[in-house]
Every structure is written in structure tokens, then in C-alpha cells.
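Visitor: So that you have it, the file is target01.txt, and it contains compact mmCIF, C-alpha atoms:
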# COMPACT_ATOMS: atom_id res chain seq x y z
CA MET V 1 6.38 16.62 -2.17
CA ARG V 2 9.21 15.70 0.18
CA THR V 3 9.53 19.30 1.39
CA GLY V 4 6.13 20.87 0.66
CA VAL V 5 2.78 19.36 -0.25
CA GLY V 6 1.23 17.61 -3.22
CA VAL V 7 -2.14 16.16 -4.18
CA ILE V 8 -3.14 13.20 -6.33
CA ASP V 9 -6.51 11.79 -7.40
CA VAL V 10 -6.65 8.17 -6.20
CA SER V 11 -10.31 7.58 -7.06
CA THR V 12 -9.44 4.43 -9.01
CA LEU V 13 -8.87 2.64 -5.70
CA GLY V 14 -11.56 0.10 -4.95
CA GLY V 15 -13.91 0.60 -2.03
CA ILE V 16 -15.98 -2.03 -0.22
CA GLU V 17 -18.38 -1.51 2.70
CA LEU V 18 -19.05 -4.19 5.29
CA ARG V 19 -21.85 -3.63 7.80
CA GLY V 20 -23.48 -5.91 10.34
CA PRO V 21 -22.91 -7.66 13.66
CA ASP V 22 -20.48 -10.13 12.06
CA ALA V 23 -18.48 -7.59 10.05
CA ALA V 24 -15.35 -7.98 12.21
CA GLU V 25 -15.62 -11.78 12.18
CA PHE V 26 -15.84 -11.73 8.40
CA MET V 27 -12.79 -9.48 8.10
CA ASN V 28 -10.88 -11.73 10.48
CA ARG V 29 -11.59 -14.81 8.38
CA PHE V 30 -11.16 -13.20 4.97
CA TYR V 31 -7.91 -11.25 5.41
CA THR V 32 -4.63 -12.48 6.86
CA TYR V 33 -4.27 -9.92 9.65
CA GLY V 34 -6.27 -9.72 12.88
CA PHE V 35 -9.39 -7.52 12.85
CA LEU V 36 -11.50 -8.62 15.83
CA LYS V 37 -9.63 -6.30 18.20
CA GLN V 38 -9.13 -3.44 15.75
CA SER V 39 -10.25 -0.24 17.45
CA VAL V 40 -12.89 2.02 15.97
CA GLY V 41 -11.10 4.97 14.40
CA ARG V 42 -8.06 2.94 13.33
CA THR V 43 -6.91 1.44 10.05
CA ARG V 44 -5.03 -1.78 9.39
CA TYR V 45 -3.20 -3.19 6.40
CA ALA V 46 -5.40 -5.78 4.70
CA VAL V 47 -3.65 -8.53 2.70
CA LEU V 48 -5.66 -11.09 0.76
CA VAL V 49 -4.16 -14.40 -0.31
CA SER V 50 -5.68 -17.13 -2.45
CA GLU V 51 -6.36 -20.64 -1.21
CA GLN V 52 -2.95 -21.47 -2.69
CA GLY V 53 -1.28 -18.87 -0.45
CA VAL V 54 -0.55 -16.43 -3.28
CA VAL V 55 -0.78 -12.68 -2.58
CA ILE V 56 -3.65 -11.42 -4.75
CA ASP V 57 -4.61 -8.03 -3.29
CA ASP V 58 -4.00 -5.53 -0.53
CA GLY V 59 -5.59 -2.40 0.82
CA VAL V 60 -6.45 -0.48 3.97
CA ALA V 61 -9.28 -1.49 6.32
CA ALA V 62 -10.83 1.37 8.28
CA ARG V 63 -13.08 0.52 11.22
CA LEU V 64 -15.69 3.26 11.30
CA ALA V 65 -17.91 1.60 13.93
CA GLU V 66 -18.06 -1.71 15.78
CA ASP V 67 -20.20 -3.11 12.97
CA HIS V 68 -18.87 -1.07 10.04
CA PHE V 69 -15.68 -1.43 7.97
CA TYR V 70 -14.61 0.48 4.86
CA VAL V 71 -11.92 -1.38 2.92
CA THR V 72 -9.89 -0.21 -0.04
CA ALA V 73 -8.61 -2.57 -2.72
CA THR V 74 -6.31 -2.28 -5.71
CA THR V 75 -7.62 -0.63 -8.85
CA GLY V 76 -7.53 -3.80 -10.90
CA GLY V 77 -8.41 -6.17 -8.08
CA VAL V 78 -11.52 -4.76 -6.42
CA ASP V 79 -14.01 -6.72 -8.53
CA ARG V 80 -12.23 -9.97 -7.73
CA VAL V 81 -12.05 -9.11 -4.03
CA TYR V 82 -15.76 -8.32 -3.99
CA ARG V 83 -16.64 -11.59 -5.74
CA GLU V 84 -14.46 -13.53 -3.32
CA MET V 85 -16.13 -11.86 -0.36
CA LEU V 86 -19.56 -12.89 -1.63
CA ARG V 87 -18.38 -16.41 -2.44
CA TRP V 88 -16.91 -17.01 0.99
CA ASN V 89 -19.84 -15.55 2.86
CA ALA V 90 -22.16 -17.84 0.91
CA GLN V 91 -20.36 -20.60 2.82
CA TRP V 92 -19.89 -18.87 6.16
CA ARG V 93 -23.39 -17.33 6.28
CA LEU V 94 -22.29 -14.54 8.59
CA SER V 95 -24.58 -11.62 9.37
CA VAL V 96 -22.85 -8.98 7.28
CA ASP V 97 -23.89 -6.86 4.30
CA ILE V 98 -21.18 -6.41 1.67
CA ALA V 99 -21.35 -3.69 -0.99
CA ASN V 100 -18.94 -2.58 -3.71
CA VAL V 101 -19.02 1.22 -3.36
CA THR V 102 -16.11 1.99 -5.69
CA ALA V 103 -18.24 4.15 -7.99
CA ALA V 104 -20.01 5.86 -5.10
CA PHE V 105 -16.81 7.28 -3.57
CA SER V 106 -13.83 9.11 -4.96
CA ALA V 107 -10.58 9.82 -3.14
CA ILE V 108 -7.88 12.48 -2.99
CA ASN V 109 -4.51 11.97 -1.31
CA ILE V 110 -2.89 15.09 0.15
CA ALA V 111 0.70 14.34 1.16
CA GLY V 112 3.80 16.16 2.34
CA PRO V 113 4.98 18.02 5.45
CA ASN V 114 2.42 20.79 4.85
CA SER V 115 -0.58 18.52 4.25
CA ARG V 116 -2.03 19.07 7.72
CA ALA V 117 -1.83 22.85 7.25
CA VAL V 118 -3.69 22.60 3.94
CA LEU V 119 -6.47 20.55 5.53
CA GLU V 120 -6.80 23.05 8.36
CA ALA V 121 -7.01 25.89 5.85
CA LEU V 122 -9.75 24.02 3.99
CA GLY V 123 -11.97 24.06 7.04
CA CYS V 124 -12.18 20.70 8.76
CA SER V 125 -14.50 19.57 11.55
CA ILE V 126 -11.93 16.96 12.64
CA ASP V 127 -9.14 17.61 15.15
CA LEU V 128 -6.06 17.08 12.97
CA SER V 129 -3.43 17.33 15.72
CA ALA V 130 -0.98 14.43 15.86
CA ASP V 131 -2.28 13.30 19.25
CA ALA V 132 -5.96 13.41 18.28
CA PHE V 133 -5.46 11.96 14.79
CA PRO V 134 -2.34 9.76 14.82
CA TYR V 135 -0.76 7.83 11.98
CA LEU V 136 -3.03 4.99 10.77
CA GLY V 137 -6.07 6.68 12.26
CA CYS V 138 -9.38 7.21 10.44
CA ARG V 139 -12.03 9.82 11.10
CA GLU V 140 -15.35 10.98 9.64
CA GLY V 141 -16.31 14.64 9.39
CA ASP V 142 -16.70 17.60 7.06
CA VAL V 143 -13.88 18.99 4.92
CA ALA V 144 -14.62 22.21 3.02
CA GLY V 145 -18.28 21.50 3.71
CA VAL V 146 -18.09 18.03 2.16
CA PRO V 147 -18.81 14.84 4.18
CA ALA V 148 -15.57 12.90 4.17
CA ARG V 149 -13.80 9.84 5.49
CA LEU V 150 -10.18 10.65 6.29
CA MET V 151 -7.49 8.01 6.60
CA ARG V 152 -4.05 9.02 7.77
CA VAL V 153 -1.90 6.70 5.70
CA GLY V 154 1.49 7.14 4.07
CA PHE V 155 1.95 5.24 0.81
CA VAL V 156 4.51 7.82 -0.35
CA GLY V 157 6.26 7.95 3.02
CA GLU V 158 5.22 11.42 4.19
CA LEU V 159 2.59 12.92 6.46
CA GLY V 160 -0.52 12.39 4.42
CA TYR V 161 -4.28 11.99 4.36
CA GLU V 162 -6.64 10.16 2.03
CA LEU V 163 -9.98 11.95 1.72
CA HIS V 164 -12.77 9.60 0.59
CA VAL V 165 -15.89 11.53 -0.36
CA PRO V 166 -19.14 10.92 -2.28
CA SER V 167 -18.24 11.12 -5.97
CA LEU V 168 -20.67 13.99 -6.50
CA PHE V 169 -18.32 16.32 -4.58
CA THR V 170 -14.98 15.34 -6.15
CA ALA V 171 -14.46 18.26 -8.52
CA ALA V 172 -15.53 20.85 -5.97
CA LEU V 173 -13.26 19.36 -3.31
CA TRP V 174 -10.30 19.26 -5.70
CA ASP V 175 -10.77 22.94 -6.53
CA ALA V 176 -11.03 23.79 -2.83
CA VAL V 177 -7.82 21.87 -2.07
CA MET V 178 -5.91 23.69 -4.80
CA LYS V 179 -7.18 27.06 -3.59
CA ALA V 180 -6.46 26.41 0.09
CA GLY V 181 -3.04 24.96 -0.69
CA ALA V 182 -1.88 27.81 -2.91
CA GLN V 183 -0.05 29.56 -0.08
CA TRP V 184 2.02 26.38 0.41
CA HIS V 185 2.55 26.04 -3.36
CA ILE V 186 0.59 22.79 -3.55
CA LYS V 187 1.16 20.86 -6.78
CA PRO V 188 -0.72 17.93 -8.31
CA PHE V 189 1.43 14.87 -8.88
CA GLY V 190 0.76 11.82 -11.01
CA VAL V 191 1.06 8.06 -10.87
CA GLU V 192 4.69 7.97 -12.05
CA ALA V 193 5.76 10.33 -9.26
CA GLN V 194 3.66 8.38 -6.75
CA ARG V 195 5.30 5.11 -7.77
CA MET V 196 8.77 6.57 -7.44
CA LEU V 197 7.98 7.98 -3.98
CA ARG V 198 6.50 4.68 -2.75
CA LEU V 199 9.58 2.87 -4.10
CA GLU V 200 11.83 5.10 -2.00
CA LYS V 201 9.68 4.00 0.95
CA GLY V 202 9.96 0.32 -0.06
CA HIS V 203 6.21 -0.21 -0.47
CA ILE V 204 5.23 -2.96 -2.89
CA ILE V 205 2.51 -2.76 -5.52
CA VAL V 206 0.51 -5.97 -5.82
CA GLY V 207 0.52 -6.98 -9.48
CA GLN V 208 3.79 -5.20 -10.19
CA ASP V 209 6.10 -6.44 -7.45
CA THR V 210 4.13 -9.67 -7.14
CA ASP V 211 3.14 -12.28 -9.70
CA GLY V 212 0.91 -15.34 -9.88
CA MET V 213 3.29 -17.34 -7.67
CA THR V 214 4.25 -14.81 -4.99
CA HIS V 215 3.65 -15.88 -1.41
CA PRO V 216 3.85 -13.52 1.59
CA GLY V 217 7.28 -14.57 2.82
CA GLU V 218 8.88 -13.74 -0.52
CA VAL V 219 7.87 -10.08 -0.29
CA GLY V 220 8.39 -9.51 3.43
CA LEU V 221 4.74 -9.80 4.47
CA ASP V 222 5.16 -12.47 7.14
CA TRP V 223 4.37 -9.80 9.74
CA ALA V 224 0.88 -9.43 8.22
CA MET V 225 0.06 -13.14 8.66
CA ASN V 226 -1.75 -13.51 12.00
CA ARG V 227 -1.14 -17.12 12.96
CA SER V 228 -2.63 -16.71 16.42
CA LYS V 229 -6.18 -16.66 15.04
CA PRO V 230 -7.98 -19.91 14.18
CA ASP V 231 -8.01 -19.53 10.41
CA PHE V 232 -8.06 -17.24 7.39
CA VAL V 233 -8.47 -17.77 3.66
CA GLY V 234 -5.30 -19.50 2.42
CA ARG V 235 -3.96 -20.19 5.93
CA ARG V 236 -2.98 -23.82 5.31
CA SER V 237 -1.05 -22.95 2.15
CA VAL V 238 0.64 -19.96 3.80
CA ASP V 239 1.86 -22.20 6.63
CA ILE V 240 3.17 -24.85 4.23
CA LEU V 241 5.00 -22.25 2.14
CA ALA V 242 6.46 -20.60 5.24
CA ASP V 243 7.94 -23.94 6.33
CA SER V 244 9.40 -24.65 2.88
CA ALA V 245 12.88 -23.65 1.73
CA PRO V 246 12.61 -20.30 -0.10
CA ILE V 247 13.66 -20.12 -3.74
CA ARG V 248 13.62 -16.33 -4.13
CA GLN V 249 13.29 -13.13 -2.10
CA LEU V 250 12.23 -9.63 -3.07
CA VAL V 251 15.07 -7.24 -2.20
CA GLY V 252 15.85 -3.59 -2.55
CA PHE V 253 18.86 -2.71 -4.67
CA SER V 254 20.80 0.40 -5.64
CA LEU V 255 23.20 1.47 -8.37
CA ASP V 256 25.26 4.57 -9.01
CA LEU V 257 23.78 7.03 -11.48
CA THR V 258 26.54 6.21 -13.97
CA ALA V 259 25.39 2.58 -14.27
CA PRO V 260 22.96 1.36 -16.95
CA LYS V 261 19.44 1.64 -15.51
CA PRO V 262 17.68 -1.74 -15.27
CA LEU V 263 14.14 -1.96 -16.58
CA GLU V 264 11.19 -3.85 -15.14
CA GLY V 265 11.49 -7.46 -16.26
CA HIS V 266 15.27 -7.46 -16.61
CA LEU V 267 16.69 -10.71 -15.28
CA VAL V 268 18.72 -11.38 -12.15
CA ILE V 269 21.51 -13.87 -12.90
CA LYS V 270 23.47 -16.11 -10.52
CA ASP V 271 26.16 -18.52 -11.75
CA GLY V 272 24.73 -18.30 -15.25
CA ASP V 273 21.17 -19.15 -14.19
CA ILE V 274 18.08 -16.95 -14.02
CA VAL V 275 17.10 -16.59 -10.35
CA GLY V 276 14.78 -13.60 -10.47
CA ASN V 277 13.79 -10.37 -12.18
CA VAL V 278 13.49 -6.64 -11.61
CA THR V 279 9.97 -5.56 -10.64
CA SER V 280 10.48 -1.83 -10.07
CA CYS V 281 13.32 0.57 -10.84
CA GLU V 282 13.61 4.36 -10.80
CA ILE V 283 16.14 7.16 -10.54
CA SER V 284 15.61 8.64 -7.08
CA PRO V 285 16.11 12.42 -6.91
CA THR V 286 15.92 12.27 -3.12
CA LEU V 287 18.64 9.64 -2.77
CA ASN V 288 20.57 10.63 -5.91
CA GLN V 289 20.95 7.06 -7.11
CA ILE V 290 19.17 4.32 -9.02
CA ILE V 291 16.96 2.22 -6.74
CA GLY V 292 14.72 -0.74 -7.37
CA LEU V 293 13.12 -3.97 -6.24
CA ALA V 294 14.02 -7.37 -7.64
CA TYR V 295 13.65 -11.05 -6.87
CA ALA V 296 17.02 -12.53 -5.94
CA HIS V 297 18.38 -15.84 -4.69
CA PRO V 298 17.89 -16.13 -0.90
CA ASP V 299 21.67 -16.43 -0.45
CA ASP V 300 22.05 -12.93 -1.90
CA ALA V 301 19.21 -11.22 -0.06
CA SER V 302 21.05 -9.52 2.81
CA PRO V 303 22.04 -5.83 2.83
CA GLY V 304 25.52 -5.48 1.37
CA ASP V 305 25.20 -8.50 -0.93
CA ARG V 306 25.54 -8.09 -4.69
CA ILE V 307 23.17 -9.23 -7.40
CA ALA V 308 23.90 -9.35 -11.13
CA ILE V 309 21.22 -7.79 -13.34
CA ARG V 310 21.27 -8.29 -17.11
CA THR V 311 20.41 -4.92 -18.67
CA GLU V 312 19.90 -3.81 -22.28
CA GLY V 313 22.35 -5.38 -24.71
CA GLY V 314 23.16 -8.15 -22.25
CA VAL V 315 25.32 -5.91 -20.05
CA LEU V 316 25.56 -7.25 -16.48
CA VAL V 317 25.55 -4.71 -13.66
CA GLN V 318 26.40 -5.53 -10.06
CA ALA V 319 23.72 -3.97 -7.87
CA ARG V 320 24.02 -3.53 -4.10
CA VAL V 321 21.31 -5.11 -1.96
CA GLU V 322 19.93 -2.47 0.42
CA ALA V 323 17.88 -2.58 3.60
CA LEU V 324 14.30 -1.42 3.10
CA PRO V 325 12.98 1.18 3.17
CA PHE V 326 15.50 3.25 1.27
CA TYR V 327 14.00 6.46 2.68
CA ASP V 328 13.22 7.37 6.29
CA PRO V 329 13.81 3.91 7.83
CA ASP V 330 12.56 5.10 11.23
CA ASN V 331 9.18 6.16 9.77
CA ALA V 332 9.53 9.57 11.39
CA ARG V 333 8.18 11.50 8.41
CA GLN V 334 4.75 9.89 8.09
CA ALA V 335 4.28 9.98 11.87
CA LEU V 336 4.66 13.79 12.12
Could you spell out this file's structure in C-alpha cells?
Guide:
Amino acid sequence: MRTGVGVIDVSTLGGIELRGPDAAEFMNRFYTYGFLKQSVGRTRYAVLVSEQGVVIDDGVAARLAEDHFYVTATTGGVDRVYREMLRWNAQWRLSVDIANVTAAFSAINIAGPNSRAVLEALGCSIDLSADAFPYLGCREGDVAGVPARLMRVGFVGELGYELHVPSLFTAALWDAVMKAGAQWHIKPFGVEAQRMLRLEKGHIIVGQDTDGMTHPGEVGLDWAMNRSKPDFVGRRSVDILADSAPIRQLVGFSLDLTAPKPLEGHLVIKDGDIVGNVTSCEISPTLNQIIGLAYAHPDDASPGDRIAIRTEGGVLVQARVEALPFYDPDNARQAL
């Protein structure tokens, strides 16, 4: 994947369509980021918080037309997101049609340095050059004769494309991808590999690296809170939490391969007290070390600090706090 190309079925992602003259206004009120000025043909990161300011879902919002958005949501969260959209618009009464199209679309993610070449070999009506289709762009066209929505996003930290197509065509498209990619030795990869790759890139998974108390500042999502707009769902709580003294911070950590490997849920200890827990941990073949994410005390959240993690049998290991992302900090790979 890091040197060639891989493909994964990501059809479990949720999909929601918003159409109508007030579609952008709805997006701007519902999600934390700004969407009124989002250009057609571009995607933006969409974070949803509760009225208590807790991070409850995230996804990618593609603006397909001035009055048309296609938004992805987490696998387990899409039904809740859809219900919340309907609930809020019952109050706002904006002119927008909202539809859960999760079952109507499936999605394939092609990722790796050779992903563009595979798409070109498939036969694509879209100009795939970096200038015409830059990182975070979205386009509609035909791929291998199938009508598709392409989003150039990089969850695993490489040049990559998500192909969202009507579910009817999924199997045929998958077969076409495997055939076209054979000359580049394309390989399917699964969720475990995907999660390790995204961890190297420092991307969080809502529901794994967050819990029922996580607010945006704790997981480094302050940048996705647009405080220049009048309001968004949970805005008041987000502001209050941002002005409060933090009690924990999600950090990246590393250990040598000879150390005991922490497991998800293992506790972070400071002066004999529990201050956090491990949320993700893997052995990185790219970096040749153990890497992970954990909640730590704010005093120990800077690169170079040490955190104590209680592993199996009560053994404490001293992990190094690392700057995120672990891999490709300049984002050069996914912007190829």
C-alpha cells in the first residue's frame, strides 16, 4: 500500500444526500465547520457534536452543486446523524430535502502511489491530473462505464480515491478494478490494515479514539470549529469547554519493538492515579516501532514527554509522546 496500490470495500460508510436552496445553510448550522463558502467540486471535513459539545460523528461533505451535498458518516453513526438532521430541520424549517442513501450507494477506496494509474487504466471520464483533480476534490463521471462520485481523500495517508457508485454496480466495479490494477499488483486490504495505516497518519476514529465525554479540544479538532459563523449545533457547549482547564489530551506515543505492546483500554498512570487510557495501538511496519494514541494528562502532552502505561500483568512502560502524524508530517504523499 505504501509503495504500490491497494483497494478496500468501504460500503459500510453512511451516505446522506441534502438537496435544496437551503442545503448549504443547513450544513453550516448542523456541522461545526463552515460550508456556506465551500466550492462546488470540493470536500470538507464534517464534524458533528452534541448539544453538550461531545464529538459524536465525523465524515466528508462533498459539494456536488450549489444546492446539493453528499455527506458520509461513520458506519455505526449514520442512523443517528440522519435522525438528528431531521430533528433539527423540524425546528429550522429550511428548504432542504434530506435522504439517507446508505443502502443506495456502495464505495470502494483505491489508495497508494499507483492509484491514479489504476483509475486511468479503468477508463475514466474525469481528468485525474493533480491540477485538475487536487487533494480534497470531488468529481462526478463514469469509471469503467459506471456512474460514480469520486472523492480524493486520504484516510490512510496516501494518494487515494473513494469511488461511490450505485450499489447495483459494486461487484462489477470491484472486478474491473482488480483486472485493471493487476499490472501494478493491486491487492485488497482489510479493516485491520486500514486502521493501522490511518494510525500512522494520526487520524482518529470516532467511537474508538473518542468516548461519551470527548470534546473537540481533547482530540485536536479545534481547527474544525468555525467560531466566525453565528452558530452551530453544540456551539455554546464547545465554547464553554474550550475556555475550561483541560483534564486530558489525546496524544500519539511510541515504544521500541522490544517493549510490551499496550492494548486498547490499558490505563495511563501519573503519580499513582489513572489519568487516561490507550485508544489505539499497533506495530507499525513502516516506522518499525510500536505506535498508538492515548489520553494523557495535559502536562505530559508535548512531544518528548513520557507517559506511563500499565500493560498486561501490571507492567508499567514509559512511552514517548510523539508529534502527530507519525507518518508523512508534511502531507506530501496524499497530495501527489
Visitor: Dig up all the protein and nucleic acid residues within 10 Å of (19.5, -2.0, -4.8) in the file frame, using all atoms listed in the file, and format them as a PyMOL selection string.
Guide: chain V and resi 251-256+281+289-294+303-307+318-324+326
Visitor: Any idea what the distance is between atom CA of V:Thr286 and atom CA of V:Pro325?
Guide: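 Going from atom CA of V:Thr286 over to atom CA of V:Pro325, I get 13.1 Å.
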Visitor: In file coordinates, which residues lie within 12 Å of (-12.6, -6.0, -2.2) using only C-alpha atoms, given as a VMD selection string?
Guide: chain V and resid 13 to 18 27 30 to 31 46 to 48 56 to 61 69 to 87 98 to 102
Visitor: From the options V:Asn288, V:Thr32, V:Ser39, V:Ser280, which residue's atoms come nearest to V:Gly207, counting all atoms listed in the file?
Guide: V:Ser280
Visitor: Nearest to V:Tyr161: which of V:Ala182, V:Ala65, V:Ile204, V:Ala148 is it, counting all atoms listed in the file?
Guide: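 Nearest candidate to V:Tyr161 out of V:Ala182, V:Ala65, V:Ile204, V:Ala148: V:Ala148.
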Visitor: Please identify all polymer residues within 10 Å of V:Gly145, counting all atoms listed in the file, omitting same-chain residues fewer than 5 positions from it, and present them as an mmCIF file with C-alpha atoms, in the frame of the given file.
Guide:
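part_20.cif was written with the following content:
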data_model
loop_
_atom_site.group_PDB
_atom_site.id
_atom_site.type_symbol
_atom_site.label_atom_id
_atom_site.label_comp_id
_atom_site.auth_asym_id
_atom_site.auth_seq_id
_atom_site.Cartn_x
_atom_site.Cartn_y
_atom_site.Cartn_z
ATOM 1 C CA LEU V 122 -9.750 24.020 3.990
ATOM 2 C CA GLY V 123 -11.970 24.060 7.040
ATOM 3 C CA CYS V 124 -12.180 20.700 8.760
ATOM 4 C CA SER V 125 -14.500 19.570 11.550
ATOM 5 C CA PHE V 169 -18.320 16.320 -4.580
ATOM 6 C CA LEU V 173 -13.260 19.360 -3.310
#
Visitor: For each of V:Ala104, V:Met196, V:Ala144, V:Val153, take the minimum atom-to-atom distance to V:Leu168, counting all atoms listed in the file, then give the residue where this is smallest.
Guide: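 Going through V:Ala104, V:Met196, V:Ala144, V:Val153 one by one, the smallest distance to V:Leu168 is for V:Ala104.
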Visitor: So the first atom is atom CA of V:Ala176 and the second is atom CA of V:Thr43; what is the distance between them in Å, to one decimal place?
Guide: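 So the two atoms, atom CA of V:Ala176 and atom CA of V:Thr43, lie 26.1 Å apart.
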